[in-house]
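Novice: What follows is the file protein30.cif, containing mmCIF, C-alpha atoms:
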data_coords
#
loop_
_atom_site.label_atom_id
_atom_site.label_comp_id
_atom_site.auth_asym_id
_atom_site.auth_seq_id
_atom_site.Cartn_x
_atom_site.Cartn_y
_atom_site.Cartn_z
CA MET A 3 182.75 144.43 38.13
CA GLY A 4 182.95 142.77 41.50
CA GLY A 5 183.24 139.06 41.87
CA THR A 6 185.29 136.32 40.30
CA LYS A 7 185.53 134.28 37.15
CA ALA A 8 186.55 130.67 37.63
CA ARG A 9 186.81 127.82 35.13
CA ASP A 10 186.23 124.25 36.17
CA VAL A 11 185.13 120.99 34.57
CA ASN A 12 181.47 122.12 34.50
CA GLY A 13 181.97 125.54 32.92
CA TYR A 14 182.48 129.13 34.02
CA LYS A 15 181.03 130.43 37.27
CA LEU A 16 180.84 134.19 37.63
CA CYS A 17 179.84 136.23 40.64
CA ALA A 18 178.69 139.76 39.91
CA TYR A 19 177.66 142.60 42.18
CA ALA A 20 175.96 145.45 40.36
CA PRO A 21 176.36 148.98 41.71
CA GLN A 22 173.71 150.12 44.15
CA SER A 23 171.03 152.62 43.25
CA GLY A 24 172.85 155.56 44.86
CA LEU A 25 175.91 155.33 42.60
CA SER A 26 176.46 157.30 39.40
CA GLU A 27 175.21 156.24 35.99
CA GLU A 28 178.85 156.09 34.86
CA VAL A 29 179.68 153.47 37.50
CA LYS A 30 176.62 151.44 36.50
CA ARG A 31 177.46 151.69 32.79
CA CYS A 32 181.01 150.50 33.46
CA PHE A 33 179.71 147.48 35.40
CA TRP A 34 177.49 146.35 32.52
CA GLU A 35 180.23 146.97 29.95
CA ASP A 36 182.71 144.93 32.02
CA LEU A 37 180.24 142.07 32.48
CA ASP A 38 179.49 142.16 28.75
CA GLU A 39 183.21 141.93 27.96
CA VAL A 40 183.76 139.00 30.33
CA VAL A 41 180.81 137.02 28.93
CA ARG A 42 181.88 137.70 25.32
CA SER A 43 185.34 136.32 26.16
CA ILE A 44 183.88 132.92 27.06
CA PRO A 45 183.43 130.58 24.08
CA GLN A 46 179.82 129.93 23.09
CA SER A 47 180.45 126.20 23.54
CA GLU A 48 181.19 126.67 27.26
CA LYS A 49 178.64 126.68 30.04
CA ILE A 50 178.24 129.88 32.08
CA PHE A 51 176.56 130.33 35.44
CA ILE A 52 176.32 133.91 36.68
CA GLU A 53 175.28 134.44 40.26
CA GLY A 54 174.73 138.06 40.97
CA GLY A 55 173.33 140.83 43.04
CA PHE A 56 172.01 142.81 40.07
CA ASN A 57 170.04 145.29 42.18
CA GLY A 58 167.19 145.23 39.69
CA HIS A 59 163.62 144.12 40.21
CA VAL A 60 162.37 142.07 37.25
CA GLY A 61 158.92 141.61 38.77
CA LYS A 62 156.40 138.78 38.89
CA THR A 63 155.50 138.54 35.23
CA THR A 64 157.34 138.16 31.94
CA ARG A 65 155.78 141.27 30.32
CA GLY A 66 157.49 140.95 26.96
CA TYR A 67 160.51 138.98 28.13
CA ASP A 68 159.14 135.43 27.88
CA GLU A 69 162.46 134.18 26.52
CA VAL A 70 164.43 135.18 29.66
CA HIS A 71 161.85 135.45 32.48
CA GLY A 72 160.09 132.28 33.62
CA GLY A 73 157.03 134.07 34.97
CA PHE A 74 157.66 133.36 38.66
CA GLY A 75 159.47 136.43 39.90
CA PHE A 76 158.63 138.66 42.84
CA GLY A 77 157.40 142.23 43.17
CA VAL A 78 157.21 145.01 40.62
CA ARG A 79 159.78 145.86 37.95
CA ASN A 80 161.92 148.95 38.38
CA GLU A 81 164.01 150.92 35.91
CA VAL A 82 167.04 148.66 36.46
CA ARG A 83 165.01 145.64 35.33
CA TYR A 84 165.71 146.45 31.74
CA LEU A 85 169.44 146.16 32.33
CA VAL A 86 169.06 142.67 33.79
CA VAL A 87 166.54 141.32 31.29
CA GLU A 88 168.12 143.07 28.30
CA PHE A 89 171.52 141.64 29.25
CA ALA A 90 169.97 138.17 29.57
CA LYS A 91 168.21 138.58 26.22
CA ALA A 92 171.37 139.77 24.46
CA PHE A 93 173.31 136.67 25.52
CA ASP A 94 170.40 134.20 25.29
CA PHE A 95 170.41 133.63 29.06
CA VAL A 96 167.49 132.85 31.34
CA LEU A 97 166.88 134.08 34.88
CA ALA A 98 166.76 130.66 36.54
CA ASN A 99 165.13 131.83 39.76
CA THR A 100 162.11 133.10 37.82
CA SER A 101 161.58 129.67 36.26
CA PHE A 102 160.22 127.82 39.28
CA LYS A 103 157.06 128.53 41.22
CA LYS A 104 158.06 129.21 44.82
CA ARG A 105 156.51 130.69 47.89
CA GLU A 106 157.55 134.24 48.72
CA ASP A 107 160.27 133.43 51.24
CA HIS A 108 162.03 131.35 48.59
CA LEU A 109 161.98 134.25 46.08
CA VAL A 110 162.93 137.26 48.21
CA THR A 111 166.69 137.86 48.22
CA PHE A 112 166.74 141.03 50.35
CA ARG A 113 164.56 141.69 53.34
CA SER A 114 164.56 144.51 55.88
CA ARG A 115 162.00 146.02 58.22
CA VAL A 116 160.71 148.29 55.46
CA ALA A 117 161.17 146.30 52.25
CA LYS A 118 161.47 142.90 50.68
CA THR A 119 162.75 142.44 47.17
CA GLN A 120 164.21 140.02 44.68
CA ILE A 121 167.46 141.56 43.40
CA ASP A 122 169.75 138.53 43.10
CA TYR A 123 169.56 136.20 40.13
CA LEU A 124 171.12 133.10 38.66
CA LEU A 125 171.66 133.41 34.91
CA LEU A 126 172.57 130.61 32.55
CA ARG A 127 172.40 130.02 28.82
CA ARG A 128 168.99 128.96 27.56
CA SER A 129 170.61 125.90 25.98
CA ASP A 130 171.74 124.82 29.47
CA THR A 131 168.43 125.22 31.30
CA GLY A 132 168.14 121.45 31.68
CA LEU A 133 171.09 121.62 34.07
CA CYS A 134 169.07 123.69 36.54
CA THR A 135 166.24 121.60 37.97
CA ASP A 136 165.44 123.94 40.86
CA CYS A 137 166.45 127.37 42.12
CA GLU A 138 165.35 129.09 45.30
CA VAL A 139 166.48 131.37 48.07
CA ILE A 140 167.39 129.70 51.34
CA PRO A 141 165.75 131.93 53.95
CA SER A 142 168.16 133.18 56.61
CA GLU A 143 168.49 136.00 59.07
CA CYS A 144 167.02 139.39 58.33
CA LEU A 145 169.47 142.04 57.13
CA SER A 146 168.91 145.73 57.69
CA THR A 147 170.98 148.89 57.78
#
Could I get this structure in the form of structure tokens?
Specialist:
Amino acid sequence: MGGTKARDVNGYKLCAYAPQSGLSEEVKRCFWEDLDEVVRSIPQSEKIFIEGGFNGHVGKTTRGYDEVHGGFGFGVRNEVRYLVVEFAKAFDFVLANTSFKKREDHLVTFRSRVAKTQIDYLLLRRSDTGLCTDCEVIPSECLST
């Protein structure tokens, strides 16, 4: 798993970078197992904020994941979506950036000449949702390969 785990007065902040779509299923499986292990090592009483490039599209609507998806996502779900939402569901997390109605440029986290997607998410425990009063992308320069 890429990223860091840091403890401060407010809880644990994790940065995660999921493997890209071109990598093997083994690499992807290892990422999710590592993230699972890290989250399980943090006491339930502690706050956790996970910022991550999960490379999964969870889509606009909740479609069966009302407990983790706020209904304000972007685009269409892809096969990786289940990894993100299932992980959130397993740990009773919410995808904070799907919880607030935003215009498109405040939802899209990757933009190129040929695509725009929402693949980065902020996850936190459902019991801590009151700590997040807003969540949006700050539009910046266009990235492309």
Novice: Take the PyMOL selection byres ((chain A and resi 21-36) around 10), apply it to the structure above, and return the hits as a list of chain:residue names.
Specialist: A:Met3, A:Gly4, A:Ala18, A:Tyr19, A:Ala20, A:Leu37, A:Asp38, A:Glu39, A:Val40, A:Val41, A:Arg42, A:Gly55, A:Phe56, A:Asn57, A:Gly58, A:Val82, A:Leu85, A:Val86, A:Phe89
Novice: Compile the contact shell of Leu124 in chain A as a PyMOL selection string: residues with an atom at most 7 Å away, counting all atoms listed in the file, same-chain residues fewer than 2 positions apart removed.
Specialist: chain A and resi 51-54+97-99+126
Novice: Take the PyMOL selection byres ((chain A and resi 119) around 12), run it mentally on this structure, and tell me the resulting residues as a VMD selection string.
Specialist: chain A and resid 55 to 62 75 to 80 106 to 118 120 to 123 139
Novice: Work out how far CA of Gly13 in chain A is from CA of Asp68 in chain A, in Å to one decimal.
Specialist: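 Separation between CA of Asp68 in chain A and CA of Gly13 in chain A: 25.4 Å.
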Novice: Can you work out which one of A:Tyr67, A:Tyr14, A:Phe102, A:Phe93 has the shortest atom-to-atom distance to Asp136 in chain A, counting all atoms listed in the file?
Specialist: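 Residue with the minimum atom-to-atom distance to Asp136 in chain A: A:Phe102.
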